[in-house]
Structure formats: structure tokens, C-alpha cells
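Just data_35.cif here, mmCIF, C-alpha atoms:
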```
data_entry
loop_
_atom_site.label_atom_id
_atom_site.label_comp_id
_atom_site.auth_asym_id
_atom_site.auth_seq_id
_atom_site.Cartn_x
_atom_site.Cartn_y
_atom_site.Cartn_z
CA MET A 1 -9.54 14.69 15.50
CA ALA A 2 -11.82 14.36 12.47
CA GLN A 3 -12.26 17.30 10.13
CA ARG A 4 -14.86 17.47 7.39
CA HIS A 5 -15.65 20.00 4.71
CA ARG A 6 -18.90 20.13 2.77
CA ASP A 7 -19.83 22.46 -0.07
CA HIS A 8 -23.51 23.16 -0.63
CA LEU A 9 -22.95 25.82 -3.29
CA PRO A 10 -22.34 25.60 -7.04
CA GLU A 11 -18.92 26.62 -8.27
CA ASP A 12 -20.24 29.83 -9.83
CA PHE A 13 -22.41 30.79 -6.83
CA SER A 14 -20.47 33.91 -5.86
CA GLU A 15 -20.24 35.29 -9.38
CA ARG A 16 -23.89 34.59 -10.12
CA SER A 17 -25.08 36.08 -6.82
CA LEU A 18 -23.00 39.22 -7.28
CA SER A 19 -24.34 39.68 -10.81
CA GLU A 20 -27.93 39.30 -9.64
CA ASP A 21 -27.45 41.67 -6.71
CA VAL A 22 -25.75 44.35 -8.79
CA ARG A 23 -28.28 44.19 -11.62
CA SER A 24 -31.29 44.32 -9.31
CA GLY A 25 -29.74 46.81 -6.89
CA LEU A 26 -28.55 49.35 -9.44
CA THR A 27 -31.83 49.29 -11.34
CA SER A 28 -34.03 49.66 -8.25
CA SER A 29 -35.23 52.92 -6.77
CA PRO A 30 -33.57 53.82 -4.53
CA LYS A 31 -30.40 52.05 -5.61
CA THR A 32 -28.95 49.48 -3.21
CA LEU A 33 -26.16 46.92 -2.81
CA PRO A 34 -26.16 44.28 -0.04
CA PRO A 35 -23.36 44.50 2.56
CA LYS A 36 -22.09 40.96 1.97
CA TRP A 37 -20.04 42.28 -0.97
CA PHE A 38 -17.92 44.49 1.29
CA TYR A 39 -15.65 41.59 2.18
CA ASP A 40 -13.08 41.04 -0.52
CA LYS A 41 -9.45 40.91 0.64
CA VAL A 42 -9.16 44.70 0.94
CA GLY A 43 -12.58 45.04 2.55
CA SER A 44 -11.83 42.32 5.10
CA GLU A 45 -8.57 44.03 6.03
CA LEU A 46 -10.37 47.36 6.41
CA TYR A 47 -13.01 45.74 8.60
CA GLU A 48 -10.31 44.32 10.86
CA GLU A 49 -8.99 47.86 11.17
CA ILE A 50 -12.50 49.13 11.96
CA THR A 51 -12.81 46.70 14.87
CA ARG A 52 -9.81 48.38 16.50
CA LEU A 53 -11.13 51.94 16.15
CA PRO A 54 -12.09 53.78 19.35
CA GLU A 55 -15.50 54.71 17.91
CA TYR A 56 -16.44 51.16 16.92
CA TYR A 57 -17.79 49.61 20.12
CA PRO A 58 -19.73 46.51 18.85
CA PHE A 59 -16.76 44.19 18.35
CA ALA A 60 -15.15 44.89 21.72
CA ALA A 61 -18.46 44.89 23.60
CA GLU A 62 -19.53 41.52 22.21
CA ARG A 63 -16.10 40.04 22.91
CA GLU A 64 -16.31 41.34 26.48
CA ILE A 65 -19.59 39.48 26.98
CA LEU A 66 -18.32 36.23 25.51
CA MET A 67 -15.06 36.28 27.46
CA ALA A 68 -16.89 36.94 30.73
CA ARG A 69 -20.00 34.80 30.23
CA ALA A 70 -19.05 31.90 27.94
CA SER A 71 -19.28 29.24 30.65
CA GLU A 72 -22.63 30.59 31.82
CA ILE A 73 -23.94 30.69 28.25
CA VAL A 74 -22.86 27.13 27.48
CA ALA A 75 -24.35 25.87 30.74
CA ALA A 76 -27.66 27.58 29.96
CA ALA A 77 -27.69 26.11 26.46
CA GLY A 78 -26.80 22.64 27.72
CA SER A 79 -24.97 21.76 24.52
CA HIS A 80 -21.49 20.71 23.46
CA HIS A 81 -22.24 20.91 19.73
CA LEU A 82 -21.75 24.41 18.28
CA ILE A 83 -22.88 25.56 14.84
CA GLU A 84 -21.94 29.08 13.76
CA LEU A 85 -23.66 31.05 10.99
CA GLY A 86 -21.40 33.46 9.11
CA SER A 87 -18.41 32.13 11.02
CA GLY A 88 -15.65 34.10 9.25
CA SER A 89 -12.42 33.76 11.24
CA SER A 90 -14.26 32.18 14.23
CA GLU A 91 -12.18 34.42 16.50
CA LYS A 92 -14.79 35.42 19.09
CA THR A 93 -16.23 31.91 19.08
CA ARG A 94 -13.11 30.54 20.76
CA ALA A 95 -14.37 31.59 24.18
CA LEU A 96 -17.45 29.43 23.62
CA ILE A 97 -15.36 26.55 22.28
CA ASP A 98 -13.18 26.72 25.40
CA ALA A 99 -16.28 26.58 27.59
CA VAL A 100 -17.76 23.68 25.63
CA LEU A 101 -14.57 21.64 25.85
CA ALA A 102 -14.34 22.29 29.58
CA SER A 103 -17.92 21.14 30.16
CA THR A 104 -18.20 18.16 27.78
CA PRO A 105 -18.68 14.95 29.79
CA ASP A 106 -16.10 12.18 29.51
CA GLY A 107 -16.94 9.85 26.71
CA GLU A 108 -18.79 12.46 24.67
CA GLN A 109 -17.48 14.50 21.76
CA ALA A 110 -17.42 18.30 21.54
CA ALA A 111 -18.03 19.55 18.00
CA TYR A 112 -18.00 22.81 16.06
CA ARG A 113 -19.49 23.41 12.62
CA ALA A 114 -18.57 26.63 10.82
CA ILE A 115 -20.93 27.87 8.10
CA ASP A 116 -19.87 30.61 5.70
CA VAL A 117 -20.06 31.47 1.99
CA SER A 118 -16.29 32.02 1.79
CA GLU A 119 -14.33 28.82 1.28
CA SER A 120 -11.03 30.58 1.92
CA ALA A 121 -12.27 31.91 5.28
CA LEU A 122 -13.60 28.49 6.24
CA ARG A 123 -10.40 26.65 5.41
CA ALA A 124 -8.16 29.21 7.11
CA ALA A 125 -10.29 29.13 10.27
CA ALA A 126 -10.46 25.32 10.28
CA GLU A 127 -6.69 25.05 9.97
CA ASP A 128 -6.20 27.40 12.91
CA LEU A 129 -8.85 25.71 15.06
CA ALA A 130 -7.45 22.24 14.36
CA LEU A 131 -4.10 23.35 15.76
CA ARG A 132 -5.65 25.06 18.79
CA TYR A 133 -8.21 22.37 19.62
CA PRO A 134 -7.04 18.89 18.69
CA ALA A 135 -9.84 17.34 20.78
CA LEU A 136 -12.58 19.20 18.90
CA GLU A 137 -14.50 17.60 16.04
CA LEU A 138 -14.49 20.18 13.26
CA GLU A 139 -16.75 20.57 10.26
CA SER A 140 -16.84 23.42 7.78
CA VAL A 141 -19.80 23.97 5.48
CA ARG A 142 -19.79 26.38 2.57
CA ALA A 143 -23.38 27.52 2.35
CA ASP A 144 -25.53 30.61 1.97
CA PHE A 145 -27.53 30.54 5.19
CA GLU A 146 -29.79 33.34 3.90
CA HIS A 147 -31.25 30.94 1.34
CA GLY A 148 -30.15 27.46 2.47
CA LEU A 149 -30.40 27.64 6.25
CA ALA A 150 -32.28 24.39 6.84
CA GLU A 151 -29.87 22.44 4.64
CA ALA A 152 -26.84 24.00 6.33
CA LEU A 153 -28.15 23.06 9.78
CA ALA A 154 -29.20 19.53 8.84
CA VAL A 155 -27.32 16.72 10.57
CA ASP A 156 -27.47 12.96 10.59
CA GLU A 157 -28.82 11.79 13.92
CA GLY A 158 -26.01 9.26 14.18
CA ASP A 159 -23.45 12.06 14.14
CA ARG A 160 -24.47 13.64 17.44
CA THR A 161 -26.08 13.22 20.81
CA GLY A 162 -27.74 16.05 22.71
CA GLY A 163 -28.83 19.45 21.50
CA ARG A 164 -27.12 21.92 19.23
CA LEU A 165 -26.23 25.52 19.99
CA VAL A 166 -26.57 27.61 16.83
CA ILE A 167 -24.58 30.86 17.02
CA PHE A 168 -25.12 34.09 15.07
CA LEU A 169 -22.74 36.79 16.31
CA GLY A 170 -21.52 40.24 15.34
CA GLY A 171 -24.86 42.02 15.16
CA THR A 172 -25.22 40.63 11.61
CA ILE A 173 -28.93 40.05 12.12
CA GLY A 174 -29.22 43.85 12.03
CA ASN A 175 -28.38 43.78 8.31
CA GLN A 176 -31.79 42.21 7.71
CA ASP A 177 -34.94 44.29 7.47
CA PRO A 178 -37.95 43.23 9.58
CA GLN A 179 -39.44 41.05 6.84
CA GLN A 180 -36.11 39.30 6.24
CA ARG A 181 -35.71 38.70 9.98
CA GLN A 182 -39.21 37.25 10.17
CA ARG A 183 -38.39 34.78 7.38
CA PHE A 184 -35.01 33.96 8.89
CA LEU A 185 -36.45 33.24 12.34
CA ALA A 186 -39.28 31.16 10.89
CA THR A 187 -36.82 29.05 8.89
CA LEU A 188 -34.54 28.74 11.90
CA HIS A 189 -37.42 27.61 14.10
CA GLY A 190 -38.36 24.97 11.54
CA ALA A 191 -34.77 23.67 11.40
CA LEU A 192 -34.29 23.39 15.17
CA GLU A 193 -35.47 20.60 17.43
CA PRO A 194 -36.37 20.39 21.11
CA GLY A 195 -33.13 20.65 23.05
CA ASP A 196 -31.50 22.97 20.50
CA ALA A 197 -30.75 26.61 21.30
CA PHE A 198 -29.90 29.77 19.38
CA LEU A 199 -27.35 32.36 20.55
CA LEU A 200 -27.64 35.83 19.06
CA GLY A 201 -25.32 38.83 19.19
CA ALA A 202 -27.37 42.01 18.63
CA ASP A 203 -26.54 45.68 18.97
CA LEU A 204 -28.73 47.84 21.20
CA VAL A 205 -30.47 51.17 20.63
CA LYS A 206 -28.50 54.07 22.07
CA SER A 207 -27.74 57.73 21.47
CA PRO A 208 -26.97 58.72 17.88
CA ASP A 209 -23.93 60.47 19.36
CA VAL A 210 -22.51 56.99 19.96
CA LEU A 211 -24.06 55.18 17.01
CA VAL A 212 -23.16 57.46 14.11
CA PRO A 213 -19.41 57.78 14.87
CA ALA A 214 -19.19 53.98 14.98
CA TYR A 215 -20.10 54.03 11.29
CA ASP A 216 -18.39 57.28 10.34
CA ASP A 217 -15.08 57.35 12.22
CA ALA A 218 -12.77 60.34 12.32
CA ALA A 219 -9.94 58.47 10.58
CA GLY A 220 -12.11 57.66 7.56
CA VAL A 221 -11.57 53.90 7.72
CA THR A 222 -15.30 53.12 7.47
CA ALA A 223 -15.56 55.50 4.51
CA ALA A 224 -12.78 53.59 2.74
CA PHE A 225 -14.50 50.30 3.62
CA ASN A 226 -17.79 51.54 2.16
CA LEU A 227 -16.24 52.95 -1.00
CA ASN A 228 -14.30 49.73 -1.58
CA VAL A 229 -17.52 47.94 -2.59
CA LEU A 230 -17.36 49.96 -5.82
CA GLU A 231 -13.92 48.48 -6.48
CA VAL A 232 -15.36 45.02 -5.88
CA VAL A 233 -17.95 45.61 -8.60
CA ASN A 234 -15.27 47.10 -10.87
CA GLY A 235 -12.89 44.19 -10.42
CA ARG A 236 -15.39 41.37 -10.66
CA LEU A 237 -17.96 42.67 -13.14
CA GLY A 238 -15.98 45.11 -15.27
CA ALA A 239 -17.73 48.23 -13.99
CA ASP A 240 -16.14 51.67 -14.28
CA PHE A 241 -17.10 53.25 -10.94
CA ASP A 242 -14.71 55.99 -9.88
CA PRO A 243 -14.80 56.09 -6.05
CA ARG A 244 -13.87 59.77 -6.21
CA ASP A 245 -17.36 60.39 -7.61
CA PHE A 246 -18.95 59.30 -4.31
CA ARG A 247 -18.74 60.11 -0.64
CA HIS A 248 -19.52 57.98 2.40
CA VAL A 249 -22.67 58.82 4.39
CA ALA A 250 -23.89 57.28 7.66
CA VAL A 251 -27.27 58.32 9.10
CA TRP A 252 -29.43 57.22 12.03
CA ASP A 253 -33.01 56.41 11.03
CA ALA A 254 -34.87 56.74 14.32
CA GLU A 255 -38.20 55.56 12.90
CA ASN A 256 -36.73 52.21 11.80
CA ALA A 257 -34.12 52.12 14.58
CA TRP A 258 -31.24 51.45 12.23
CA ILE A 259 -28.08 53.01 10.86
CA GLU A 260 -27.90 53.34 7.09
CA MET A 261 -24.61 53.46 5.24
CA ARG A 262 -24.82 55.06 1.84
CA LEU A 263 -22.63 56.26 -1.00
CA GLU A 264 -23.68 59.67 -2.32
CA ALA A 265 -22.80 60.87 -5.80
CA VAL A 266 -20.94 64.17 -5.56
CA ARG A 267 -21.68 64.94 -9.23
CA ASP A 268 -23.72 63.49 -12.08
CA VAL A 269 -22.26 60.06 -12.78
CA HIS A 270 -22.66 57.55 -15.60
CA VAL A 271 -21.56 53.98 -14.82
CA ARG A 272 -21.21 51.06 -17.21
CA THR A 273 -20.93 47.48 -15.95
CA ALA A 274 -19.49 45.62 -18.91
CA ASP A 275 -20.11 42.04 -17.78
CA LEU A 276 -23.81 42.78 -17.28
CA ASP A 277 -24.17 45.05 -20.33
CA LEU A 278 -25.70 47.49 -17.86
CA GLU A 279 -25.53 51.28 -17.83
CA VAL A 280 -26.92 53.40 -15.00
CA ASP A 281 -26.89 57.08 -14.09
CA PHE A 282 -26.58 58.77 -10.72
CA ALA A 283 -27.76 62.34 -10.33
CA ALA A 284 -25.63 64.56 -8.12
CA GLY A 285 -26.74 63.94 -4.55
CA GLU A 286 -28.33 60.57 -5.35
CA GLN A 287 -27.53 57.89 -2.79
CA LEU A 288 -26.75 54.18 -3.07
CA ARG A 289 -27.63 52.30 0.13
CA THR A 290 -24.99 49.72 1.00
CA GLU A 291 -26.04 48.63 4.49
CA ILE A 292 -28.65 48.83 7.17
CA SER A 293 -27.63 47.97 10.72
CA ALA A 294 -30.69 47.63 12.93
CA LYS A 295 -30.43 48.24 16.66
CA PHE A 296 -32.67 46.54 19.18
CA THR A 297 -34.23 46.75 22.59
CA ARG A 298 -34.68 43.66 24.72
CA GLU A 299 -38.43 44.01 24.34
CA ARG A 300 -38.26 44.22 20.55
CA LEU A 301 -36.10 41.11 20.28
CA ALA A 302 -38.37 39.22 22.67
CA ALA A 303 -41.44 40.14 20.62
CA GLU A 304 -39.86 39.01 17.34
CA PHE A 305 -38.59 35.74 18.79
CA GLU A 306 -41.84 34.99 20.58
CA ALA A 307 -43.75 35.54 17.35
CA ALA A 308 -41.43 33.02 15.66
CA GLY A 309 -41.99 30.39 18.37
CA PHE A 310 -39.00 30.86 20.67
CA ASP A 311 -38.66 31.22 24.43
CA ALA A 312 -36.09 33.48 26.09
CA ALA A 313 -33.40 31.49 27.92
CA GLY A 314 -30.69 34.06 28.71
CA TRP A 315 -29.70 37.71 28.34
CA TRP A 316 -26.24 39.26 28.77
CA THR A 317 -24.77 42.68 28.05
CA ASP A 318 -21.35 44.28 28.39
CA ASP A 319 -20.74 46.46 31.44
CA ALA A 320 -21.68 49.63 29.54
CA GLY A 321 -24.92 48.11 28.20
CA LEU A 322 -24.01 48.78 24.58
CA PHE A 323 -24.44 45.29 23.10
CA SER A 324 -26.41 42.13 23.85
CA VAL A 325 -25.93 38.39 23.62
CA SER A 326 -29.16 36.46 24.07
CA LEU A 327 -30.14 32.79 24.19
CA TRP A 328 -33.37 31.39 22.75
CA THR A 329 -34.94 27.95 22.72
CA VAL A 330 -37.76 26.40 20.74
CA ALA A 331 -40.98 27.09 22.60
CA ALA A 332 -42.71 24.07 24.08
CA ARG A 333 -46.13 25.54 23.31
CA ALA A 334 -47.66 25.33 19.86
CA LEU A 335 -47.93 28.48 17.75
CA THR A 336 -51.44 29.70 17.02
#
```

Output the file's structure as C-alpha cells, nothing else.
Amino acid sequence: MAQRHRDHLPEDFSERSLSEDVRSGLTSSPKTLPPKWFYDKVGSELYEEITRLPEYYPFAAEREILMARASEIVAAAGSHHLIELGSGSSEKTRALIDAVLASTPDGEQAAYRAIDVSESALRAAAEDLALRYPALELESVRADFEHGLAEALAVDEGDRTGGRLVIFLGGTIGNQDPQQRQRFLATLHGALEPGDAFLLGADLVKSPDVLVPAYDDAAGVTAAFNLNVLEVVNGRLGADFDPRDFRHVAVWDAENAWIEMRLEAVRDVHVRTADLDLEVDFAAGEQLRTEISAKFTRERLAAEFEAAGFDAAGWWTDDAGLFSVSLWTVAARALT
């Protein structure tokens, strides 16, 4: 079956983006780094280990939903064309692909488009999927959906019939603050057409006794994952962070309903980033925020999607009610 690969990003996109994020993040107050830089080879391996930890429920809970409800989800969406944002390894998506292939009418073509910033992840996933699903039309698109969402979703009308099901799994939407989510949903709404649908995996609000250990496990794997971002900056931008100068912190912010992961300086620290000709100081106890992970209620998600012009079309949770997968369609009514 046909495979296509498209690259919407300049060759130096990753290096330029990292430089911009590090310069702006380390000179802001408070200091921040975005979580997308966690995932070098070491960070990706640590994340895979995190997904197997007993404290880390989101991965298993979302997979439980997809394995149990994939056919129902695909039927509700009414689509056999999948597009996944931040696709990574596409592992959990296979349940949806199975359901799409099983429900695609004779004479029509099931298709899957994977969108990610990592070309290596895209190509590895495409190779695996091509072997598993020879009847599936595959397309991989290297794109930054945070800034080029409409372009990444664009499709020639001659290439498809019927609606598309855009997928955004893993609770990744929780890494956006409310203003970023508002912009994301507005752009998404503008890129979708009647008959298209959007499937979202989102973590739910629950007791901090469950939430905090998921981001601060007893074995220290999440701490190693968090600290590894300093090694990413060291290796790619010539910085001289010493991870021993920082400790991992995870806190529940009840007012904003999100977990924050931070790196706290255990002593006064001076850091030079050679490639940026940048020097910054951390006072002992000063914290560098590396991630927010927002948690949601059904009502909060509904309010945000309704404000962006979507209608609710499906809601599923795991048996324990820890995680949600929800389906949304473009509202027929006009926004006021």
C-alpha cells in the first residue's frame, strides 16, 4: 500500500527552536523550559520506563479505554481516515487502526496520517505500521502542530472521501496553559470541516495522593527523566549544567488544576550556555519549571470545546474513572 512522507519543517528547525526556547526560558522570571525537550534518546527510554511504573496510571488507563472502546469510538466518529497529532510510536493508536480497518466499506480506503516533529520517530513508526497493516494507506508528516496545525491537517480533496478523525492522545493537551489551549482549539476548529471529528485523551482531576506520585515515583525514574533535560541542553547547546546541582520537584497546583514539574537548585548555581553566549544564575532554592500537566473535569472540557465551536459526541473513561477519551465535532450552529 502507498506510503508518503512530507516534511513541513526547515532542516534546522529543531536546533533553532531549542535555542529560542532555552534563551527565552532561562531569561524569564520564573525560569522555564518546555516539556517537548525531554524526549532525546535517553529521555524517550526513561519515559517508556515511566509508563510501566505502578504509580503512573495515565498510560495504562488510556490504553484500557482504547482497547475496550475503539470500535465504538470509530463508529461514533464515522470516519476511516485517521490523523494523529504528536504520534510518536503510534502504539496506542493501533486499536483505533484495527477498528477502522474492520469498519471500512469495501471499495474504500482506510488511511492513517502521523504528525510529529521527530523524523526518526515518524519513520520508525511508519516502517512498523506498514508491516502490520499492508492494507492501510500511510502518510507521515514532520510538522510542528503547535505552530503549523492548519498546514499539517490540510489535505487535497481528491485524496479522500468522508470525514477525518483527528486524534490527540496521551493527555498532551494538559501541557498547554488555558490561553494556549484556547488558541489550539480555535485553530483546530478552523482547520476542520463538517463531517470531521476530534478525539482527545485527557487526564482527570483526582486526589493529589494519586496525582503527585504519578509524577514523583518512588524509584526516581521521573526525577531522572526531568533532570535529563539539562543534559539535552548541555549536549546540544554547549551548556554546563551539573544535574547534581538540582533536584526534581512535583507539586499539585489546586487553583490551576495542574501538576507542575520543576527542577530546584540545591545551591547557588552559575550556568553558561556556550552556543548562545548566555550566562544565568540560579539562587539556592530557585526553581525551573519544566512541565505543567493540567487535569480536567468533563464540565471544564465541555465548556472549553463549546467556546471553540465544538459539540460533544462521545465520552469514555477507564473502569476506575482516572482518565478520559472524548469525541468532539464541529458545531452546526454559528459562533456568536

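Residues with any atom within 9 Å of Gly174 of chain A, counting all atoms listed in the file and excluding same-chain neighbours fewer than 6 positions away, are Arg181, Ala202, Asp203, Trp258, Ile292, Ser293, Ala294, Lys295 and Phe296 of chain A.
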
Export of prior selection with C-alpha atoms as a compact mmCIF listing (two decimals), keeping the file's coordinate frame:
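File produced: again39.txt:
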```txt
# COMPACT_ATOMS: atom_id res chain seq x y z
CA ARG A 181 -35.71 38.70 9.98
CA ALA A 202 -27.37 42.01 18.63
CA ASP A 203 -26.54 45.68 18.97
CA TRP A 258 -31.24 51.45 12.23
CA ILE A 292 -28.65 48.83 7.17
CA SER A 293 -27.63 47.97 10.72
CA ALA A 294 -30.69 47.63 12.93
CA LYS A 295 -30.43 48.24 16.66
CA PHE A 296 -32.67 46.54 19.18
```

- Item | A:Gln3, A:His147, A:Thr32, A:Asn175 ranked by distance to Ala130 of chain A, top pick (using only C-alpha atoms) | A:Gln3

- Message: What's around Arg23 of chain A at 12 Å? Count all atoms listed in the file, leave out sequence neighbours fewer than 5 positions away in its own chain, and write the answer as a ChimeraX atom specification.
- Response: /A:16-18,28,31-34,233,237,239,272-280

- Message: Residues near Leu122 of chain A, anyone? I mean within 10 Å using all atoms listed in the file, not counting same-chain ones fewer than 3 positions away, as a list in words.
- Response: His5, Gly86, Ser87, Gly88, Ser89, Ser90, Ala114, Ile115, Asp116, Val117, Ser118, Glu119, Ala125, Ala126, Glu127, Glu139, Ser140, Val141 and Arg142 of chain A

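The coordinates place atom CA of Val205 of chain A at 14.5 Å from atom CA of Tyr56 of chain A.
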
So which residues get picked by the PyMOL selection byres ((chain A and resi 136) around 8) here, written as a short mmCIF file (atom, residue, chain, number, x, y, z; two decimals) with C-alpha atoms, in the frame of the given file?
```cif
data_model
loop_
_atom_site.label_atom_id
_atom_site.label_comp_id
_atom_site.auth_asym_id
_atom_site.auth_seq_id
_atom_site.Cartn_x
_atom_site.Cartn_y
_atom_site.Cartn_z
CA MET A 1 -9.54 14.69 15.50
CA LEU A 101 -14.57 21.64 25.85
CA GLN A 109 -17.48 14.50 21.76
CA ALA A 110 -17.42 18.30 21.54
CA ALA A 111 -18.03 19.55 18.00
CA TYR A 112 -18.00 22.81 16.06
CA ALA A 130 -7.45 22.24 14.36
CA TYR A 133 -8.21 22.37 19.62
CA PRO A 134 -7.04 18.89 18.69
CA ALA A 135 -9.84 17.34 20.78
CA GLU A 137 -14.50 17.60 16.04
CA LEU A 138 -14.49 20.18 13.26
#
```

- Residues picked by the PyMOL selection byres ((chain A and resi 168) around 7) here, as a VMD selection string? chain A and resid 84 to 85 166 to 167 169 199 to 201

- Hey, can you check how far atom CA of Arg132 of chain A sits from atom CA of Arg6 of chain A? 21.4 Å

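The nearest approach to Gln287 of chain A among the residues A:Leu26, A:Ala308, A:Leu129, A:Ala70, with all atoms listed in the file taken into account, belongs to A:Leu26.
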
- Task: Can you work out which one of A:Ile97, A:Ala331, A:Leu288, A:Val251 has the shortest atom-to-atom distance to Gly190 of chain A, counting all atoms listed in the file?
- Result: A:Ala331

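Of the residues under consideration (A:Gly43, A:Pro10, A:Gly78, A:Pro58), A:Pro58 shows the shortest atom-to-atom contact distance to Tyr215 of chain A when counting all atoms listed in the file.
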
- Task: Please write as JSON, numbers by chain the full residue list that the PyMOL selection byres ((chain A and resi 206) around 10) yields on this file.
- Result: {"A": [203, 204, 205, 207, 208, 209, 210, 211, 257, 295, 296, 297, 321, 322, 323]}

- Message: Would you pick out the contacts of His80 of chain A at 10 Å or less, using only C-alpha atoms, so that residues sharing its chain but fewer than 6 positions from it are not included, and give the list as a ChimeraX atom specification?
- Response: /A:74,96-97,99-105,108-112,160-165

- Query: Hey, can you check how far atom CA of Gly235 of chain A sits from atom CA of Trp37 of chain A?
  - Reply: 12.0 Å

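Among A:Tyr57, A:Tyr47, A:Phe13, A:Phe310, the residue with the shortest atom-to-atom distance to Asp144 of chain A, counting all atoms listed in the file, is A:Phe13.
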
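Ranking A:Asp319, A:Glu260, A:Glu91, A:Glu151 by their shortest atom-to-atom distance to Glu291 of chain A, with all atoms listed in the file included, puts A:Glu260 first.
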
So which residues are close to (-13.2, 51.0, 13.5), meaning at most 12 Å away in the file's coordinates with only C-alpha atoms counted, and can you show them as an mmCIF file with C-alpha atoms, keeping the file's coordinate frame?
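Result saved to selection-v4.cif:
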```cif
data_model
loop_
_atom_site.group_PDB
_atom_site.id
_atom_site.type_symbol
_atom_site.label_atom_id
_atom_site.label_comp_id
_atom_site.auth_asym_id
_atom_site.auth_seq_id
_atom_site.Cartn_x
_atom_site.Cartn_y
_atom_site.Cartn_z
ATOM 1 C CA GLU A 45 -8.570 44.030 6.030
ATOM 2 C CA LEU A 46 -10.370 47.360 6.410
ATOM 3 C CA TYR A 47 -13.010 45.740 8.600
ATOM 4 C CA GLU A 48 -10.310 44.320 10.860
ATOM 5 C CA GLU A 49 -8.990 47.860 11.170
ATOM 6 C CA ILE A 50 -12.500 49.130 11.960
ATOM 7 C CA THR A 51 -12.810 46.700 14.870
ATOM 8 C CA ARG A 52 -9.810 48.380 16.500
ATOM 9 C CA LEU A 53 -11.130 51.940 16.150
ATOM 10 C CA PRO A 54 -12.090 53.780 19.350
ATOM 11 C CA GLU A 55 -15.500 54.710 17.910
ATOM 12 C CA TYR A 56 -16.440 51.160 16.920
ATOM 13 C CA TYR A 57 -17.790 49.610 20.120
ATOM 14 C CA PRO A 58 -19.730 46.510 18.850
ATOM 15 C CA PHE A 59 -16.760 44.190 18.350
ATOM 16 C CA ALA A 60 -15.150 44.890 21.720
ATOM 17 C CA VAL A 212 -23.160 57.460 14.110
ATOM 18 C CA PRO A 213 -19.410 57.780 14.870
ATOM 19 C CA ALA A 214 -19.190 53.980 14.980
ATOM 20 C CA TYR A 215 -20.100 54.030 11.290
ATOM 21 C CA ASP A 216 -18.390 57.280 10.340
ATOM 22 C CA ASP A 217 -15.080 57.350 12.220
ATOM 23 C CA ALA A 218 -12.770 60.340 12.320
ATOM 24 C CA ALA A 219 -9.940 58.470 10.580
ATOM 25 C CA GLY A 220 -12.110 57.660 7.560
ATOM 26 C CA VAL A 221 -11.570 53.900 7.720
ATOM 27 C CA THR A 222 -15.300 53.120 7.470
ATOM 28 C CA ALA A 223 -15.560 55.500 4.510
ATOM 29 C CA ALA A 224 -12.780 53.590 2.740
ATOM 30 C CA PHE A 225 -14.500 50.300 3.620
#
```
